[in-house]
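Student: Supplied structure: input.tsv, TSV, N, CA and C atoms.
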```
chain	number	residue	atom	x	y	z
D	770	MET	N	-3.88	5.55	0.49
D	770	MET	CA	-2.98	5.44	-0.63
D	770	MET	C	-1.95	4.37	-0.29
D	771	PHE	N	-1.75	3.49	-1.22
D	771	PHE	CA	-0.81	2.39	-1.02
D	771	PHE	C	0.38	2.52	-1.97
D	772	VAL	N	1.50	1.97	-1.54
D	772	VAL	CA	2.69	1.86	-2.39
D	772	VAL	C	3.05	0.39	-2.50
D	773	ARG	N	3.49	0.00	-3.68
D	773	ARG	CA	3.75	-1.42	-3.96
D	773	ARG	C	5.23	-1.71	-3.86
D	774	PHE	N	5.54	-2.81	-3.17
D	774	PHE	CA	6.93	-3.28	-3.07
D	774	PHE	C	6.95	-4.78	-3.31
D	775	GLU	N	8.06	-5.27	-3.82
D	775	GLU	CA	8.25	-6.71	-3.94
D	775	GLU	C	8.24	-7.32	-2.53
D	776	ASN	N	7.71	-8.52	-2.42
D	776	ASN	CA	7.67	-9.21	-1.12
D	776	ASN	C	9.05	-9.24	-0.49
D	777	ASP	N	9.10	-9.10	0.80
D	777	ASP	CA	10.33	-9.18	1.61
D	777	ASP	C	11.32	-8.06	1.35
D	778	SER	N	10.93	-6.99	0.63
D	778	SER	CA	11.86	-5.88	0.41
D	778	SER	C	11.69	-4.77	1.46
D	779	VAL	N	10.66	-4.87	2.29
D	779	VAL	CA	10.41	-3.90	3.37
D	779	VAL	C	10.29	-4.67	4.67
D	780	THR	N	10.86	-4.12	5.73
D	780	THR	CA	10.80	-4.76	7.05
D	780	THR	C	10.13	-3.82	8.04
D	781	VAL	N	9.17	-4.34	8.80
D	781	VAL	CA	8.56	-3.56	9.88
D	781	VAL	C	9.57	-3.54	11.02
D	782	THR	N	9.96	-2.34	11.45
D	782	THR	CA	11.05	-2.21	12.42
D	782	THR	C	10.59	-2.00	13.85
D	783	GLU	N	9.34	-1.65	14.05
D	783	GLU	CA	8.88	-1.48	15.43
D	783	GLU	C	7.37	-1.66	15.50
D	784	GLY	N	6.90	-1.98	16.69
D	784	GLY	CA	5.48	-2.15	16.92
D	784	GLY	C	4.99	-3.55	16.64
D	785	ALA	N	3.90	-3.90	17.30
D	785	ALA	CA	3.28	-5.21	17.11
D	785	ALA	C	2.25	-5.11	15.99
D	786	ILE	N	2.15	-6.17	15.20
D	786	ILE	CA	1.18	-6.18	14.11
D	786	ILE	C	0.19	-7.32	14.29
D	787	THR	N	-0.96	-7.17	13.66
D	787	THR	CA	-1.97	-8.22	13.67
D	787	THR	C	-2.45	-8.43	12.24
D	788	THR	N	-2.82	-9.66	11.91
D	788	THR	CA	-3.20	-10.04	10.55
D	788	THR	C	-4.67	-10.39	10.50
D	789	PHE	N	-5.32	-10.03	9.39
D	789	PHE	CA	-6.74	-10.29	9.20
D	789	PHE	C	-6.96	-10.73	7.76
D	790	LYS	N	-7.60	-11.87	7.55
D	790	LYS	CA	-7.94	-12.32	6.20
D	790	LYS	C	-9.28	-11.68	5.85
D	791	SER	N	-9.22	-10.61	5.06
D	791	SER	CA	-10.42	-9.81	4.78
D	791	SER	C	-11.35	-10.45	3.75
D	792	SER	N	-10.80	-11.28	2.89
D	792	SER	CA	-11.59	-12.01	1.90
D	792	SER	C	-10.73	-13.17	1.40
D	793	PRO	N	-11.32	-14.13	0.70
D	793	PRO	CA	-10.51	-15.25	0.22
D	793	PRO	C	-9.33	-14.76	-0.63
D	794	GLY	N	-8.12	-15.12	-0.22
D	794	GLY	CA	-6.93	-14.76	-0.95
D	794	GLY	C	-6.34	-13.40	-0.63
D	795	THR	N	-6.95	-12.66	0.30
D	795	THR	CA	-6.46	-11.32	0.66
D	795	THR	C	-6.20	-11.24	2.15
D	796	THR	N	-4.99	-10.80	2.50
D	796	THR	CA	-4.60	-10.64	3.90
D	796	THR	C	-4.24	-9.19	4.14
D	797	ARG	N	-4.77	-8.62	5.22
D	797	ARG	CA	-4.45	-7.25	5.61
D	797	ARG	C	-3.73	-7.28	6.95
D	798	VAL	N	-2.80	-6.35	7.12
D	798	VAL	CA	-2.02	-6.26	8.35
D	798	VAL	C	-2.25	-4.88	8.96
D	799	PHE	N	-2.44	-4.86	10.28
D	799	PHE	CA	-2.72	-3.64	11.02
D	799	PHE	C	-1.78	-3.50	12.20
D	800	CYS	N	-1.63	-2.28	12.70
D	800	CYS	CA	-0.93	-2.05	13.96
D	800	CYS	C	-1.78	-2.65	15.07
D	801	ALA	N	-1.20	-3.52	15.89
D	801	ALA	CA	-1.95	-4.18	16.96
D	801	ALA	C	-2.36	-3.20	18.06
D	802	ARG	N	-1.65	-2.09	18.19
D	802	ARG	CA	-1.95	-1.13	19.25
D	802	ARG	C	-3.05	-0.15	18.85
D	803	CYS	N	-2.94	0.45	17.66
D	803	CYS	CA	-3.89	1.52	17.29
D	803	CYS	C	-4.84	1.13	16.16
D	804	GLY	N	-4.57	0.04	15.46
D	804	GLY	CA	-5.44	-0.40	14.38
D	804	GLY	C	-5.18	0.23	13.03
D	805	SER	N	-4.12	1.02	12.90
D	805	SER	CA	-3.80	1.65	11.62
D	805	SER	C	-3.48	0.60	10.56
D	806	THR	N	-3.96	0.84	9.34
D	806	THR	CA	-3.69	-0.05	8.22
D	806	THR	C	-2.21	-0.02	7.87
D	807	LEU	N	-1.60	-1.19	7.69
D	807	LEU	CA	-0.20	-1.27	7.29
D	807	LEU	C	-0.03	-1.85	5.90
D	808	THR	N	-0.58	-3.05	5.66
D	808	THR	CA	-0.37	-3.69	4.36
D	808	THR	C	-1.62	-4.41	3.86
D	809	CYS	N	-1.55	-4.74	2.59
D	809	CYS	CA	-2.55	-5.59	1.95
D	809	CYS	C	-1.80	-6.48	0.97
D	810	ALA	N	-2.04	-7.77	1.04
D	810	ALA	CA	-1.42	-8.72	0.11
D	810	ALA	C	-2.53	-9.62	-0.44
D	811	THR	N	-2.42	-9.94	-1.72
D	811	THR	CA	-3.46	-10.74	-2.36
D	811	THR	C	-2.85	-11.77	-3.31
D	812	VAL	N	-3.57	-12.85	-3.52
D	812	VAL	CA	-3.11	-13.88	-4.44
D	812	VAL	C	-3.09	-13.37	-5.88
D	813	HIS	N	-3.79	-12.28	-6.15
D	813	HIS	CA	-3.82	-11.70	-7.50
D	813	HIS	C	-2.47	-11.08	-7.88
D	814	PHE	N	-1.69	-10.67	-6.87
D	814	PHE	CA	-0.34	-10.12	-7.07
D	814	PHE	C	0.60	-10.84	-6.11
D	815	PRO	N	0.93	-12.10	-6.39
D	815	PRO	CA	1.62	-12.94	-5.41
D	815	PRO	C	3.06	-12.53	-5.08
D	816	THR	N	3.69	-11.70	-5.89
D	816	THR	CA	5.09	-11.34	-5.62
D	816	THR	C	5.23	-9.97	-4.97
D	817	GLU	N	4.11	-9.33	-4.62
D	817	GLU	CA	4.20	-7.98	-4.06
D	817	GLU	C	3.28	-7.78	-2.86
D	818	THR	N	3.63	-6.80	-2.05
D	818	THR	CA	2.82	-6.38	-0.92
D	818	THR	C	2.56	-4.90	-1.07
D	819	HIS	N	1.34	-4.48	-0.79
D	819	HIS	CA	0.96	-3.06	-0.88
D	819	HIS	C	0.95	-2.48	0.53
D	820	TYR	N	1.76	-1.46	0.74
D	820	TYR	CA	1.89	-0.82	2.05
D	820	TYR	C	1.15	0.50	2.06
D	821	HIS	N	0.45	0.78	3.15
D	821	HIS	CA	-0.19	2.08	3.30
D	821	HIS	C	0.91	3.12	3.43
D	822	VAL	N	0.85	4.18	2.65
D	822	VAL	CA	1.94	5.16	2.62
D	822	VAL	C	2.16	5.79	4.00
D	823	GLY	N	1.13	5.88	4.82
D	823	GLY	CA	1.26	6.45	6.16
D	823	GLY	C	2.06	5.59	7.12
D	824	ALA	N	2.39	4.38	6.71
D	824	ALA	CA	3.17	3.48	7.58
D	824	ALA	C	4.66	3.82	7.56
D	825	PHE	N	5.08	4.69	6.65
D	825	PHE	CA	6.50	5.01	6.50
D	825	PHE	C	6.86	6.29	7.23
D	826	ASP	N	7.99	6.27	7.93
D	826	ASP	CA	8.46	7.46	8.64
D	826	ASP	C	8.76	8.61	7.68
D	827	ARG	N	9.29	8.32	6.51
D	827	ARG	CA	9.68	9.36	5.55
D	827	ARG	C	8.90	9.16	4.23
D	828	ALA	N	7.58	9.14	4.35
D	828	ALA	CA	6.73	8.86	3.18
D	828	ALA	C	6.93	9.87	2.06
D	829	ALA	N	7.26	11.11	2.38
D	829	ALA	CA	7.44	12.14	1.34
D	829	ALA	C	8.59	11.80	0.39
D	830	GLU	N	9.49	10.93	0.82
D	830	GLU	CA	10.61	10.53	-0.04
D	830	GLU	C	10.22	9.50	-1.09
D	831	LEU	N	9.05	8.91	-0.95
D	831	LEU	CA	8.58	7.92	-1.92
D	831	LEU	C	8.01	8.67	-3.12
D	832	GLN	N	8.58	8.48	-4.28
D	832	GLN	CA	8.14	9.17	-5.49
D	832	GLN	C	7.37	8.19	-6.39
D	833	PRO	N	6.15	8.54	-6.80
D	833	PRO	CA	5.38	7.63	-7.65
D	833	PRO	C	5.99	7.49	-9.03
D	834	ARG	N	5.90	6.28	-9.56
D	834	ARG	CA	6.32	6.01	-10.93
D	834	ARG	C	5.12	5.66	-11.80
D	835	LYS	N	4.06	5.22	-11.16
D	835	LYS	CA	2.86	4.84	-11.88
D	835	LYS	C	1.68	4.87	-10.92
D	836	HIS	N	0.52	5.21	-11.44
D	836	HIS	CA	-0.70	5.21	-10.63
D	836	HIS	C	-1.64	4.15	-11.18
D	837	PHE	N	-2.33	3.49	-10.29
D	837	PHE	CA	-3.33	2.51	-10.66
D	837	PHE	C	-4.70	3.05	-10.30
D	838	PHE	N	-5.70	2.66	-11.04
D	838	PHE	CA	-7.08	3.11	-10.83
D	838	PHE	C	-7.20	4.62	-10.97
D	839	ALA	N	-6.40	5.23	-11.85
D	839	ALA	CA	-6.45	6.68	-12.04
D	839	ALA	C	-7.83	7.13	-12.52
D	840	ASN	N	-8.55	6.26	-13.20
D	840	ASN	CA	-9.89	6.62	-13.67
D	840	ASN	C	-10.89	6.72	-12.52
D	841	GLU	N	-10.50	6.28	-11.32
D	841	GLU	CA	-11.37	6.36	-10.15
D	841	GLU	C	-10.95	7.48	-9.20
D	842	GLN	N	-10.03	8.34	-9.64
D	842	GLN	CA	-9.51	9.37	-8.75
D	842	GLN	C	-10.59	10.37	-8.38
D	843	LEU	N	-10.43	10.99	-7.22
D	843	LEU	CA	-11.32	12.04	-6.78
D	843	LEU	C	-11.12	13.27	-7.66
D	844	PRO	N	-12.16	14.08	-7.85
D	844	PRO	CA	-12.05	15.20	-8.78
D	844	PRO	C	-10.98	16.23	-8.41
D	845	TRP	N	-10.62	16.34	-7.15
D	845	TRP	CA	-9.62	17.32	-6.73
D	845	TRP	C	-8.19	16.83	-6.90
D	846	LEU	N	-8.00	15.56	-7.23
D	846	LEU	CA	-6.66	15.02	-7.43
D	846	LEU	C	-6.26	15.18	-8.89
D	847	LYS	N	-5.18	15.88	-9.14
D	847	LYS	CA	-4.72	16.12	-10.51
D	847	LYS	C	-3.41	15.37	-10.74
D	848	LEU	N	-3.42	14.44	-11.68
D	848	LEU	CA	-2.23	13.66	-12.04
D	848	LEU	C	-1.78	14.10	-13.42
D	849	SER	N	-0.47	14.19	-13.61
D	849	SER	CA	0.02	14.48	-14.95
D	849	SER	C	-0.22	13.25	-15.83
D	850	HIS	N	-0.23	13.43	-17.13
D	850	HIS	CA	-0.48	12.32	-18.04
D	850	HIS	C	0.56	11.21	-17.85
D	851	ASN	N	1.82	11.57	-17.58
D	851	ASN	CA	2.89	10.58	-17.38
D	851	ASN	C	2.61	9.70	-16.17
D	852	GLU	N	1.99	10.27	-15.15
D	852	GLU	CA	1.80	9.54	-13.89
D	852	GLU	C	0.58	8.65	-13.90
D	853	GLN	N	-0.29	8.78	-14.87
D	853	GLN	CA	-1.56	8.07	-14.82
D	853	GLN	C	-1.45	6.59	-15.14
D	854	GLY	N	-0.32	6.13	-15.61
D	854	GLY	CA	-0.15	4.71	-15.86
D	854	GLY	C	-0.87	4.22	-17.10
D	855	LYS	N	-1.15	5.13	-18.01
D	855	LYS	CA	-1.89	4.75	-19.22
D	855	LYS	C	-0.95	4.51	-20.36
```
Once more with this new file: its structure as structure tokens, please.
Tutor:
Amino acid sequence: MFVRFENDSVTVTEGAITTFKSSPGTTRVFCARCGSTLTCATVHFPTETHYHVGAFDRAAELQPRKHFFANEQLPWLKLSHNEQGK
């Protein structure tokens, strides 16, 4: 699960990171020590970076305002109509 932030609005405060160009125009960032996914940035959304929610110390404090790809959700995930982004 990813959360979207405007570029440069989040700072990585500890740990070494490594960058990988996974496809043309898409860059992914991982923890250099354990390989955990941190971010994904793409030319399709040039002003934002998508962060893996597990990268945050207090992820439970992040409240969703909109969901993307709700039509691809797993059957056990229940979103209210307001949250589906439709």
Student: So how many Å separate CA of Lys790 in chain D and CA of Thr806 in chain D, to one decimal?
Tutor: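 So the answer is 13.1 Å.
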Student: Take the point (-2.9, -8.3, 6.5) as written in the file and pick out every residue within 5 Å of it, counting all atoms listed in the file; give the list as a PyMOL selection string.
Tutor: chain D and resi 788-789+796-798+808
Student: Can you tell me how far atom N of Gly794 in chain D sits from atom N of Arg773 in chain D, in Å to one decimal?
Tutor: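 That distance, rounded to one decimal, is 19.4 Å.
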Student: Could you tell me how far CA of Asp826 in chain D lies from CA of Gly784 in chain D, in Å and to one decimal?
Tutor: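 Between CA of Asp826 in chain D and CA of Gly784 in chain D the gap works out to 13.0 Å.
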Student: Given the choices D:Ala785, D:Val772, D:Val812, D:Ala828, which gets closest to Cys800 in chain D if the distance is worked out from all atoms listed in the file?
Tutor: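 Smallest distance to Cys800 in chain D is found for D:Ala785.
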Student: If you run DSSP on the backbone, which residues of chain D are strand (DSSP E), as a VMD selection string?
Tutor: chain D and resid 771 to 775 786 to 792 795 to 800 806 to 811 817 to 821
Student: Nearest to Glu775 in chain D: which of D:Glu841, D:Ser805, D:Lys835, D:Glu817 is it, counting all atoms listed in the file?
Tutor: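 For Glu775 in chain D, the nearest of the candidates is D:Glu817.
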Student: In terms of the shortest atom-to-atom distance over only N, CA and C atoms, which of D:Trp845, D:Cys809, D:Thr818, D:Gly804 is closest to Phe774 in chain D?
Tutor: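 Among the listed residues, the smallest separation from Phe774 in chain D belongs to D:Thr818.
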Student: Can we get range 779-794 of chain D of that structure written down with N, CA and C atoms, as an mmCIF file, in the first residue's frame?
Tutor:
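Listing of part_0.cif after writing:
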```
data_model
loop_
_atom_site.group_PDB
_atom_site.id
_atom_site.type_symbol
_atom_site.label_atom_id
_atom_site.label_comp_id
_atom_site.auth_asym_id
_atom_site.auth_seq_id
_atom_site.Cartn_x
_atom_site.Cartn_y
_atom_site.Cartn_z
ATOM 1 N N VAL D 779 8.500 14.964 2.141
ATOM 2 C CA VAL D 779 8.880 13.930 3.108
ATOM 3 C C VAL D 779 10.386 13.761 3.034
ATOM 4 N N THR D 780 11.011 13.584 4.186
ATOM 5 C CA THR D 780 12.460 13.396 4.257
ATOM 6 C C THR D 780 12.769 12.060 4.914
ATOM 7 N N VAL D 781 13.649 11.280 4.302
ATOM 8 C CA VAL D 781 14.127 10.042 4.920
ATOM 9 C C VAL D 781 15.115 10.449 6.001
ATOM 10 N N THR D 782 14.856 10.032 7.241
ATOM 11 C CA THR D 782 15.649 10.517 8.373
ATOM 12 C C THR D 782 16.726 9.556 8.838
ATOM 13 N N GLU D 783 16.657 8.306 8.418
ATOM 14 C CA GLU D 783 17.712 7.384 8.832
ATOM 15 C C GLU D 783 17.812 6.235 7.845
ATOM 16 N N GLY D 784 18.975 5.601 7.830
ATOM 17 C CA GLY D 784 19.197 4.455 6.966
ATOM 18 C C GLY D 784 19.689 4.843 5.587
ATOM 19 N N ALA D 785 20.398 3.911 4.973
ATOM 20 C CA ALA D 785 20.909 4.113 3.618
ATOM 21 C C ALA D 785 19.871 3.621 2.616
ATOM 22 N N ILE D 786 19.764 4.317 1.499
ATOM 23 C CA ILE D 786 18.810 3.924 0.469
ATOM 24 C C ILE D 786 19.536 3.615 -0.828
ATOM 25 N N THR D 787 18.882 2.829 -1.670
ATOM 26 C CA THR D 787 19.410 2.522 -2.991
ATOM 27 C C THR D 787 18.297 2.733 -4.011
ATOM 28 N N THR D 788 18.661 3.144 -5.211
ATOM 29 C CA THR D 788 17.702 3.490 -6.257
ATOM 30 C C THR D 788 17.793 2.494 -7.400
ATOM 31 N N PHE D 789 16.633 2.179 -7.983
ATOM 32 C CA PHE D 789 16.559 1.232 -9.086
ATOM 33 C C PHE D 789 15.565 1.760 -10.117
ATOM 34 N N LYS D 790 15.978 1.871 -11.366
ATOM 35 C CA LYS D 790 15.060 2.278 -12.438
ATOM 36 C C LYS D 790 14.369 1.006 -12.933
ATOM 37 N N SER D 791 13.134 0.806 -12.484
ATOM 38 C CA SER D 791 12.433 -0.446 -12.756
ATOM 39 C C SER D 791 11.865 -0.526 -14.171
ATOM 40 N N SER D 792 11.602 0.608 -14.776
ATOM 41 C CA SER D 792 11.126 0.667 -16.153
ATOM 42 C C SER D 792 11.355 2.090 -16.651
ATOM 43 N N PRO D 793 11.252 2.321 -17.955
ATOM 44 C CA PRO D 793 11.474 3.682 -18.450
ATOM 45 C C PRO D 793 10.545 4.685 -17.758
ATOM 46 N N GLY D 794 11.131 5.688 -17.122
ATOM 47 C CA GLY D 794 10.366 6.730 -16.469
ATOM 48 C C GLY D 794 9.934 6.429 -15.047
#
```
